[in-house]
>>> print(open('target.cif').read())   # mmCIF, C-alpha atoms and all ligand atoms
data_model
#
loop_
_atom_site.label_atom_id
_atom_site.label_comp_id
_atom_site.auth_asym_id
_atom_site.auth_seq_id
_atom_site.Cartn_x
_atom_site.Cartn_y
_atom_site.Cartn_z
CA MET A 1 31.36 18.47 -21.16
CA VAL A 2 34.64 19.49 -19.59
CA LYS A 3 36.35 22.64 -20.81
CA ILE A 4 39.92 22.26 -22.00
CA VAL A 5 42.17 25.10 -23.18
CA VAL A 6 45.29 24.29 -25.18
CA VAL A 7 48.01 26.93 -25.39
CA GLY A 8 50.45 25.72 -28.01
CA SER A 9 51.74 25.14 -31.48
CA ALA A 10 49.76 24.44 -34.63
CA SER A 11 51.83 23.35 -37.62
CA MET A 12 51.79 21.51 -40.92
CA ASP A 13 53.55 18.17 -40.89
CA LEU A 14 55.49 17.46 -44.10
CA VAL A 15 55.87 13.71 -43.94
CA VAL A 16 58.14 11.55 -46.06
CA THR A 17 58.13 7.77 -45.81
CA SER A 18 61.29 5.95 -46.71
CA SER A 19 62.62 2.44 -46.11
CA LYS A 20 65.94 3.94 -45.04
CA ARG A 21 66.77 7.04 -43.00
CA PRO A 22 69.54 9.03 -44.71
CA GLY A 23 72.76 9.55 -42.77
CA ALA A 24 74.77 12.79 -42.88
CA GLY A 25 75.70 13.63 -46.47
CA GLU A 26 73.62 10.75 -47.82
CA THR A 27 70.72 10.79 -50.32
CA VAL A 28 68.09 8.05 -50.36
CA LEU A 29 64.94 7.57 -52.46
CA GLY A 30 61.74 7.81 -50.45
CA GLU A 31 58.34 6.27 -51.16
CA SER A 32 55.73 8.93 -50.41
CA PHE A 33 55.17 12.52 -49.36
CA LYS A 34 52.10 13.82 -47.53
CA THR A 35 51.12 17.09 -45.90
CA VAL A 36 48.93 16.71 -42.80
CA PRO A 37 47.98 19.02 -39.90
CA GLY A 38 50.13 18.63 -36.79
CA GLY A 39 51.96 20.58 -34.10
CA LYS A 40 51.79 19.37 -30.52
CA GLY A 41 49.26 21.98 -29.42
CA ALA A 42 46.84 21.42 -32.30
CA ASN A 43 47.23 17.65 -31.99
CA GLN A 44 46.29 17.78 -28.32
CA ALA A 45 43.35 20.08 -29.07
CA VAL A 46 41.99 17.76 -31.77
CA ALA A 47 42.50 14.67 -29.60
CA ALA A 48 40.66 16.27 -26.65
CA ALA A 49 37.80 17.39 -28.90
CA ARG A 50 37.38 13.92 -30.41
CA LEU A 51 37.20 12.57 -26.85
CA GLY A 52 34.24 14.82 -26.15
CA ALA A 53 35.74 17.88 -24.44
CA GLU A 54 34.83 21.48 -25.25
CA VAL A 55 38.19 22.72 -26.52
CA THR A 56 39.58 26.20 -27.15
CA MET A 57 42.99 26.54 -28.74
CA ILE A 58 45.21 29.59 -28.24
CA GLY A 59 47.89 29.84 -30.92
CA CYS A 60 49.22 31.50 -34.07
CA VAL A 61 49.54 30.51 -37.71
CA GLY A 62 51.01 32.43 -40.65
CA ASP A 63 48.69 34.16 -43.11
CA ASP A 64 49.65 31.52 -45.67
CA HIS A 65 47.95 28.50 -47.21
CA TYR A 66 49.12 26.18 -44.43
CA GLY A 67 47.62 28.55 -41.87
CA GLU A 68 44.23 28.31 -43.57
CA ILE A 69 44.38 24.51 -43.64
CA ILE A 70 45.44 24.34 -39.98
CA ILE A 71 42.55 26.54 -38.82
CA ARG A 72 39.99 24.78 -41.00
CA ASN A 73 41.15 21.42 -39.67
CA LEU A 74 40.73 22.58 -36.06
CA GLU A 75 37.23 23.81 -36.85
CA GLU A 76 36.28 20.57 -38.60
CA ASN A 77 37.29 18.78 -35.42
CA GLY A 78 35.10 21.03 -33.29
CA VAL A 79 37.89 23.09 -31.70
CA CYS A 80 37.09 26.75 -31.00
CA THR A 81 39.52 28.90 -33.03
CA SER A 82 38.47 32.39 -31.83
CA PHE A 83 41.95 32.73 -30.30
CA MET A 84 43.92 31.39 -33.26
CA LYS A 85 45.45 34.33 -35.04
CA PRO A 86 46.78 34.37 -38.62
CA VAL A 87 49.84 36.65 -38.46
CA THR A 88 51.53 38.46 -41.33
CA HIS A 89 55.25 38.44 -42.14
CA MET A 90 55.67 35.00 -40.65
CA GLU A 91 55.21 31.53 -42.14
CA SER A 92 53.12 28.88 -40.37
CA GLY A 93 55.07 26.41 -38.26
CA THR A 94 56.15 23.25 -40.04
CA ALA A 95 57.44 19.87 -38.92
CA HIS A 96 59.66 17.98 -41.35
CA ILE A 97 59.14 14.33 -40.59
CA VAL A 98 60.88 11.24 -41.93
CA LEU A 99 59.13 7.94 -41.21
CA ALA A 100 61.73 5.24 -41.68
CA GLU A 101 62.83 1.97 -40.10
CA GLY A 102 59.77 1.89 -37.84
CA ASP A 103 60.30 5.28 -36.20
CA ASN A 104 60.12 9.00 -36.94
CA SER A 105 62.72 11.77 -36.94
CA ILE A 106 61.44 15.34 -36.86
CA VAL A 107 62.83 18.81 -37.49
CA VAL A 108 60.43 21.50 -36.26
CA VAL A 109 60.55 25.04 -37.69
CA LYS A 110 58.53 27.12 -35.25
CA GLY A 111 57.47 29.94 -37.60
CA ALA A 112 54.35 31.69 -36.27
CA ASN A 113 54.31 29.46 -33.16
CA ASP A 114 57.06 31.71 -31.84
CA LEU A 115 54.54 34.55 -31.72
CA VAL A 116 52.45 32.84 -29.05
CA THR A 117 53.94 35.26 -26.52
CA PRO A 118 52.77 36.19 -23.01
CA SER A 119 51.21 39.41 -24.33
CA TYR A 120 49.37 37.42 -26.99
CA VAL A 121 48.00 34.99 -24.41
CA GLN A 122 47.08 37.93 -22.17
CA GLN A 123 44.36 38.78 -24.69
CA ALA A 124 42.86 35.33 -24.23
CA LEU A 125 42.64 35.01 -20.47
CA HIS A 126 38.88 34.54 -20.37
CA PRO A 127 38.82 30.92 -21.65
CA ILE A 128 41.78 30.07 -19.41
CA HIS A 129 39.95 31.30 -16.31
CA GLU A 130 36.89 29.26 -17.30
CA ALA A 131 38.82 26.06 -18.06
CA ASP A 132 38.67 22.77 -16.15
CA MET A 133 42.23 22.08 -17.35
CA VAL A 134 44.86 23.89 -19.39
CA LEU A 135 47.31 21.96 -21.56
CA ILE A 136 50.64 23.39 -22.68
CA GLN A 137 53.76 22.06 -24.45
CA GLN A 138 57.15 23.45 -25.48
CA GLU A 139 56.89 24.39 -29.17
CA ILE A 140 56.09 27.95 -28.07
CA PRO A 141 58.34 30.44 -26.21
CA GLU A 142 59.56 29.55 -22.73
CA GLU A 143 58.24 32.87 -21.32
CA THR A 144 54.74 31.84 -22.37
CA VAL A 145 54.93 28.57 -20.43
CA GLU A 146 56.18 30.63 -17.48
CA TYR A 147 53.31 33.12 -17.86
CA VAL A 148 50.54 30.55 -18.33
CA SER A 149 51.77 28.62 -15.30
CA GLN A 150 51.46 31.82 -13.26
CA VAL A 151 47.97 32.59 -14.52
CA CYS A 152 46.77 29.04 -13.85
CA HIS A 153 48.36 28.94 -10.44
CA THR A 154 46.85 32.24 -9.25
CA SER A 155 43.42 31.42 -10.64
CA GLY A 156 43.39 27.83 -9.40
CA VAL A 157 43.07 26.23 -12.85
CA PRO A 158 44.88 22.88 -13.14
CA LEU A 159 47.74 22.93 -15.64
CA LEU A 160 49.15 19.92 -17.45
CA LEU A 161 52.62 20.66 -18.83
CA ASN A 162 53.79 18.22 -21.47
CA PRO A 163 57.47 19.25 -21.49
CA ALA A 164 58.06 18.24 -25.12
CA PRO A 165 60.25 18.78 -27.02
CA ALA A 166 62.92 18.67 -24.30
CA ARG A 167 64.13 21.93 -22.81
CA LYS A 168 64.97 23.14 -19.30
CA VAL A 169 61.99 24.13 -17.15
CA SER A 170 62.31 26.48 -14.16
CA GLN A 171 61.65 25.28 -10.62
CA GLU A 172 58.76 27.76 -10.43
CA VAL A 173 57.01 26.27 -13.45
CA ILE A 174 57.57 22.74 -12.14
CA ALA A 175 56.07 23.81 -8.81
CA ARG A 176 53.06 25.55 -10.38
CA ALA A 177 52.11 22.79 -12.82
CA SER A 178 49.59 20.26 -11.55
CA TYR A 179 50.76 17.47 -13.87
CA LEU A 180 54.02 16.88 -15.76
CA THR A 181 54.29 14.26 -18.51
CA PRO A 182 57.87 13.96 -19.79
CA ASN A 183 59.36 10.97 -21.58
CA GLU A 184 62.60 9.54 -20.20
CA HIS A 185 64.88 11.92 -22.10
CA GLU A 186 62.80 14.96 -21.10
CA THR A 187 62.90 13.74 -17.48
CA GLU A 188 66.70 13.95 -17.49
CA ILE A 189 66.57 17.53 -18.76
CA LEU A 190 63.88 18.49 -16.22
CA PHE A 191 65.54 16.91 -13.19
CA PRO A 192 69.31 16.88 -13.77
CA GLY A 193 71.11 14.88 -11.12
CA LEU A 194 68.03 12.92 -10.05
CA THR A 195 67.41 9.33 -11.05
CA THR A 196 63.99 8.54 -12.51
CA GLU A 197 63.04 6.82 -9.23
CA GLU A 198 64.07 9.86 -7.17
CA ALA A 199 62.19 12.27 -9.41
CA LEU A 200 59.03 10.15 -9.29
CA LYS A 201 59.21 9.91 -5.51
CA GLN A 202 59.69 13.65 -5.17
CA TYR A 203 56.55 14.41 -7.23
CA PRO A 204 53.95 11.80 -6.34
CA ASN A 205 50.73 11.89 -8.40
CA LYS A 206 52.18 14.80 -10.37
CA LEU A 207 55.04 13.42 -12.44
CA PHE A 208 54.06 10.86 -15.09
CA ILE A 209 56.96 9.50 -17.13
CA THR A 210 55.99 7.96 -20.44
CA VAL A 211 58.17 5.00 -21.34
CA GLY A 212 56.95 4.21 -24.86
CA LYS A 213 55.71 0.68 -25.34
CA GLN A 214 56.09 -0.03 -21.61
CA GLY A 215 53.48 2.53 -20.61
CA VAL A 216 53.64 5.18 -17.87
CA ARG A 217 55.47 5.32 -14.55
CA TYR A 218 54.43 7.41 -11.54
CA HIS A 219 54.55 7.36 -7.75
CA ASP A 220 51.22 7.20 -5.92
CA GLY A 221 52.59 8.48 -2.59
CA THR A 222 53.17 4.98 -1.29
CA ARG A 223 54.90 3.14 -4.10
CA GLU A 224 55.96 3.40 -7.70
CA MET A 225 53.43 2.23 -10.26
CA THR A 226 53.59 1.35 -13.94
CA VAL A 227 50.44 1.46 -16.03
CA PRO A 228 51.22 -0.70 -19.06
CA ALA A 229 50.60 0.41 -22.62
CA TYR A 230 48.38 -1.68 -24.88
CA PRO A 231 50.36 -3.67 -27.43
CA VAL A 232 49.32 -2.78 -30.98
CA LYS A 233 50.86 -2.93 -34.42
CA ALA A 234 52.04 0.65 -34.96
CA VAL A 235 51.74 2.26 -38.39
CA ASP A 236 52.83 5.76 -37.27
CA THR A 237 53.66 6.74 -33.70
CA THR A 238 53.71 10.49 -34.47
CA GLY A 239 51.19 12.18 -32.18
CA ALA A 240 50.84 9.23 -29.78
CA GLY A 241 52.20 11.38 -26.96
CA ASP A 242 49.76 14.15 -27.84
CA THR A 243 46.83 11.74 -27.78
CA PHE A 244 48.02 10.43 -24.41
CA ASN A 245 48.25 13.94 -22.93
CA ALA A 246 44.88 15.06 -24.24
CA ALA A 247 43.11 11.91 -23.07
CA PHE A 248 44.78 12.07 -19.66
CA ALA A 249 43.71 15.72 -19.29
CA VAL A 250 40.11 15.02 -20.35
CA ALA A 251 39.77 12.07 -17.98
CA LEU A 252 41.28 13.97 -15.04
CA ALA A 253 39.09 17.00 -15.75
CA GLU A 254 36.08 14.69 -15.68
CA GLY A 255 37.09 13.63 -12.18
CA LYS A 256 38.34 10.13 -13.00
CA SER A 257 41.03 8.70 -10.71
CA ILE A 258 44.65 8.89 -11.78
CA ALA A 259 44.82 5.15 -12.44
CA ALA A 260 41.62 5.18 -14.52
CA SER A 261 42.75 8.32 -16.38
CA LEU A 262 46.05 6.66 -17.28
CA ARG A 263 44.32 3.55 -18.58
CA PHE A 264 42.01 5.70 -20.68
CA ALA A 265 44.98 7.73 -21.99
CA ASN A 266 47.05 4.65 -22.81
CA ARG A 267 44.12 3.16 -24.67
CA ALA A 268 43.57 6.34 -26.70
CA ALA A 269 47.29 6.58 -27.51
CA SER A 270 47.47 2.95 -28.61
CA LEU A 271 44.55 3.46 -31.01
CA SER A 272 46.17 6.62 -32.41
CA VAL A 273 49.27 4.82 -33.72
CA MET A 274 47.28 2.46 -35.92
CA LYS A 275 46.79 5.05 -38.67
CA PHE A 276 49.06 7.38 -40.61
CA GLY A 277 49.53 10.99 -39.48
CA ALA A 278 49.67 12.66 -36.08
CA GLN A 279 45.90 13.15 -36.04
CA GLY A 280 44.97 10.30 -38.41
CA GLY A 281 44.31 7.67 -35.79
CA MET A 282 43.17 9.85 -32.91
CA PRO A 283 40.11 8.04 -31.59
CA THR A 284 36.66 9.31 -30.72
CA ARG A 285 35.28 8.85 -27.22
CA GLN A 286 33.21 5.92 -28.39
CA GLU A 287 36.20 4.16 -29.97
CA VAL A 288 38.16 4.37 -26.73
CA GLU A 289 35.27 3.18 -24.58
CA GLU A 290 34.51 0.25 -26.86
CA SER A 291 38.11 -0.89 -26.59
CA LEU A 292 38.52 -0.51 -22.80
O1 LIG B 301 54.00 15.41 -31.26
C1 LIG B 301 53.94 15.24 -32.64
C2 LIG B 301 54.10 16.54 -33.34
O2 LIG B 301 55.38 17.03 -33.09
C3 LIG B 301 53.98 16.45 -34.84
O3 LIG B 301 52.66 16.60 -35.30
C4 LIG B 301 54.89 17.53 -35.32
O4 LIG B 301 54.20 18.69 -35.66
C5 LIG B 301 55.86 17.76 -34.17
O5 LIG B 301 55.89 19.06 -33.79
NA NA B 302 48.73 8.22 -36.03
#
>>> encode(input="target.cif", output="structure tokens")
Amino acid sequence: MVKIVVVGSASMDLVVTSSKRPGAGETVLGESFKTVPGGKGANQAVAAARLGAEVTMIGCVGDDHYGEIIIRNLEENGVCTSFMKPVTHMESGTAHIVLAEGDNSIVVVKGANDLVTPSYVQQALHPIHEADMVLIQQEIPEETVEYVSQVCHTSGVPLLLNPAPARKVSQEVIARASYLTPNEHETEILFPGLTTEEALKQYPNKLFITVGKQGVRYHDGTREMTVPAYPVKAVDTTGAGDTFNAAFAVALAEGKSIAASLRFANRAASLSVMKFGAQGGMPTRQEVEESL
């Protein structure tokens, strides 16, 4: 079993489905409302655990009802929660999601995820030092991404930075990360002034740009490659990126080649969109292998 540590957000997703997305100043009638566990960090932790990794999550929730549900859900999925702290005077993070017209729109309120600070992570260095791979995203403070990249770099632990949602990332962090997995929009924010082709060429086997239904683009040192996604009928694409990142990290940590890891990750992500909820369709190891 490979050891994966996720440093990141854990939230409740408040999901409304509607046939129409409201415009500014407009009110529409929706069809359903559901509350399901989400947050990019927790999603990646659950996905990695279902794929057979030994996963520890480092994060914060509020000492509210959502916080209890979030932690219980991680435990039910086999994620170690010894470093998940319920904090007082702060609500759990929430994501306000509208599923309409075949796509989602999301407003994230960070809440307790903002308390995943460098000094908080400093109390949880042991699992990081022991990890085969650390996964991090950007729903926690920028300083924490900075700090974790330093810790991983000095201790020789590979770090996968999923730079989502989009925000600027320092040159140091880009240099220290082993793998970067932005989508096209995040790529523009990460590498202003560079075309996608230039960015890929500059970071061979390190920069992996996800291009939705088309798959993933990267440069293998010789030429640019695209690993196609698997066409499926999507019910809910929320969390597909998280499933991709977790599966990619697990496969790489297991020593699979980049090409094989990307195929595995694309397969896992395609299965994840076939059910409602960020974590709803996240496949088990067996489900991915049967479909490869
Ligand atoms: O990546 C998907 C996640 O992003 C959702 O679960 C939601 O919490 C948002 O933060
Ligand atoms: Na899903």
>>> residues_near_ligand(input="target.cif", ligand="ligand LIG 301 (chain B)", cutoff="10 Å", atoms="only C-alpha atoms and all ligand atoms", output="MDAnalysis selection string")
chainID A and resid 9:15 36:44 93:97 104:110 137:139 164:165 237:243 277:279
>>> write_last_selection(input="target.cif", atoms="C-alpha atoms", output="compact mmCIF listing (two decimals), keeping the file's coordinate frame")
# COMPACT_ATOMS: atom_id res chain seq x y z
CA SER A 9 51.74 25.14 -31.48
CA ALA A 10 49.76 24.44 -34.63
CA SER A 11 51.83 23.35 -37.62
CA MET A 12 51.79 21.51 -40.92
CA ASP A 13 53.55 18.17 -40.89
CA LEU A 14 55.49 17.46 -44.10
CA VAL A 15 55.87 13.71 -43.94
CA VAL A 36 48.93 16.71 -42.80
CA PRO A 37 47.98 19.02 -39.90
CA GLY A 38 50.13 18.63 -36.79
CA GLY A 39 51.96 20.58 -34.10
CA LYS A 40 51.79 19.37 -30.52
CA GLY A 41 49.26 21.98 -29.42
CA ALA A 42 46.84 21.42 -32.30
CA ASN A 43 47.23 17.65 -31.99
CA GLN A 44 46.29 17.78 -28.32
CA GLY A 93 55.07 26.41 -38.26
CA THR A 94 56.15 23.25 -40.04
CA ALA A 95 57.44 19.87 -38.92
CA HIS A 96 59.66 17.98 -41.35
CA ILE A 97 59.14 14.33 -40.59
CA ASN A 104 60.12 9.00 -36.94
CA SER A 105 62.72 11.77 -36.94
CA ILE A 106 61.44 15.34 -36.86
CA VAL A 107 62.83 18.81 -37.49
CA VAL A 108 60.43 21.50 -36.26
CA VAL A 109 60.55 25.04 -37.69
CA LYS A 110 58.53 27.12 -35.25
CA GLN A 137 53.76 22.06 -24.45
CA GLN A 138 57.15 23.45 -25.48
CA GLU A 139 56.89 24.39 -29.17
CA ALA A 164 58.06 18.24 -25.12
CA PRO A 165 60.25 18.78 -27.02
CA THR A 237 53.66 6.74 -33.70
CA THR A 238 53.71 10.49 -34.47
CA GLY A 239 51.19 12.18 -32.18
CA ALA A 240 50.84 9.23 -29.78
CA GLY A 241 52.20 11.38 -26.96
CA ASP A 242 49.76 14.15 -27.84
CA THR A 243 46.83 11.74 -27.78
CA GLY A 277 49.53 10.99 -39.48
CA ALA A 278 49.67 12.66 -36.08
CA GLN A 279 45.90 13.15 -36.04
>>> residues_around(input="target.cif", residues="Phe248 in chain A", least_positions_apart="3", cutoff="6 Å", atoms="only C-alpha atoms", output="JSON, numbers by chain")
{"A": [244, 245, 251, 261, 265]}
>>> residues_around(input="target.cif", residues="Tyr218 in chain A", least_positions_apart="3", cutoff="9 Å", atoms="all atoms listed in the file", output="VMD selection string")
chain A and resid 197 200 to 201 203 to 209 223 to 227
>>> write_last_selection(input="target.cif", atoms="C-alpha atoms", output="PDB file, in the coordinates of the input")
ATOM      1  CA  GLU A 197      63.040   6.820  -9.230  1.00  0.00           C
ATOM      2  CA  LEU A 200      59.030  10.150  -9.290  1.00  0.00           C
ATOM      3  CA  LYS A 201      59.210   9.910  -5.510  1.00  0.00           C
ATOM      4  CA  TYR A 203      56.550  14.410  -7.230  1.00  0.00           C
ATOM      5  CA  PRO A 204      53.950  11.800  -6.340  1.00  0.00           C
ATOM      6  CA  ASN A 205      50.730  11.890  -8.400  1.00  0.00           C
ATOM      7  CA  LYS A 206      52.180  14.800 -10.370  1.00  0.00           C
ATOM      8  CA  LEU A 207      55.040  13.420 -12.440  1.00  0.00           C
ATOM      9  CA  PHE A 208      54.060  10.860 -15.090  1.00  0.00           C
ATOM     10  CA  ILE A 209      56.960   9.500 -17.130  1.00  0.00           C
ATOM     11  CA  ARG A 223      54.900   3.140  -4.100  1.00  0.00           C
ATOM     12  CA  GLU A 224      55.960   3.400  -7.700  1.00  0.00           C
ATOM     13  CA  MET A 225      53.430   2.230 -10.260  1.00  0.00           C
ATOM     14  CA  THR A 226      53.590   1.350 -13.940  1.00  0.00           C
ATOM     15  CA  VAL A 227      50.440   1.460 -16.030  1.00  0.00           C
TER      16      VAL A 227
END
>>> closest_residue(input="target.cif", among="A:Thr17, A:Ser272, A:Gln286, A:Asn73", to="ligand NA 302 (chain B)", atoms="only C-alpha atoms and all ligand atoms")
A:Ser272
>>> closest_residue(input="target.cif", among="A:Ser32, A:Ser270, A:Ser155, A:Thr284", to="ligand NA 302 (chain B)", atoms="all atoms listed in the file")
A:Ser270
>>> atom_distance(input="target.cif", atom1="CA of Gly102 in chain A", atom2="CA of Ala48 in chain A")
26.4 Å
>>> closest_residue(input="target.cif", among="A:Gln171, A:Asp103, A:Ser149, A:Ile140", to="ligand NA 302 (chain B)", atoms="only C-alpha atoms and all ligand atoms")
A:Asp103
>>> atom_distance(input="target.cif", atom1="CA of Ile136 in chain A", atom2="CA of Leu161 in chain A")
5.1 Å
>>> closest_residue(input="target.cif", among="A:Thr210, A:Asn162, A:Gln202, A:Thr196", to="Asn183 in chain A", atoms="only C-alpha atoms")
A:Thr210
>>> atom_distance(input="target.cif", atom1="CA of Pro158 in chain A", atom2="CA of Gly212 in chain A")
25.1 Å
>>> closest_residue(input="target.cif", among="A:Leu51, A:Leu160, A:Leu292, A:Leu99", to="ligand NA 302 (chain B)", atoms="all atoms listed in the file")
A:Leu99
>>> closest_residue(input="target.cif", among="A:Leu74, A:Ile189, A:Ala47, A:Val87", to="ligand NA 302 (chain B)", atoms="all atoms listed in the file")
A:Ala47
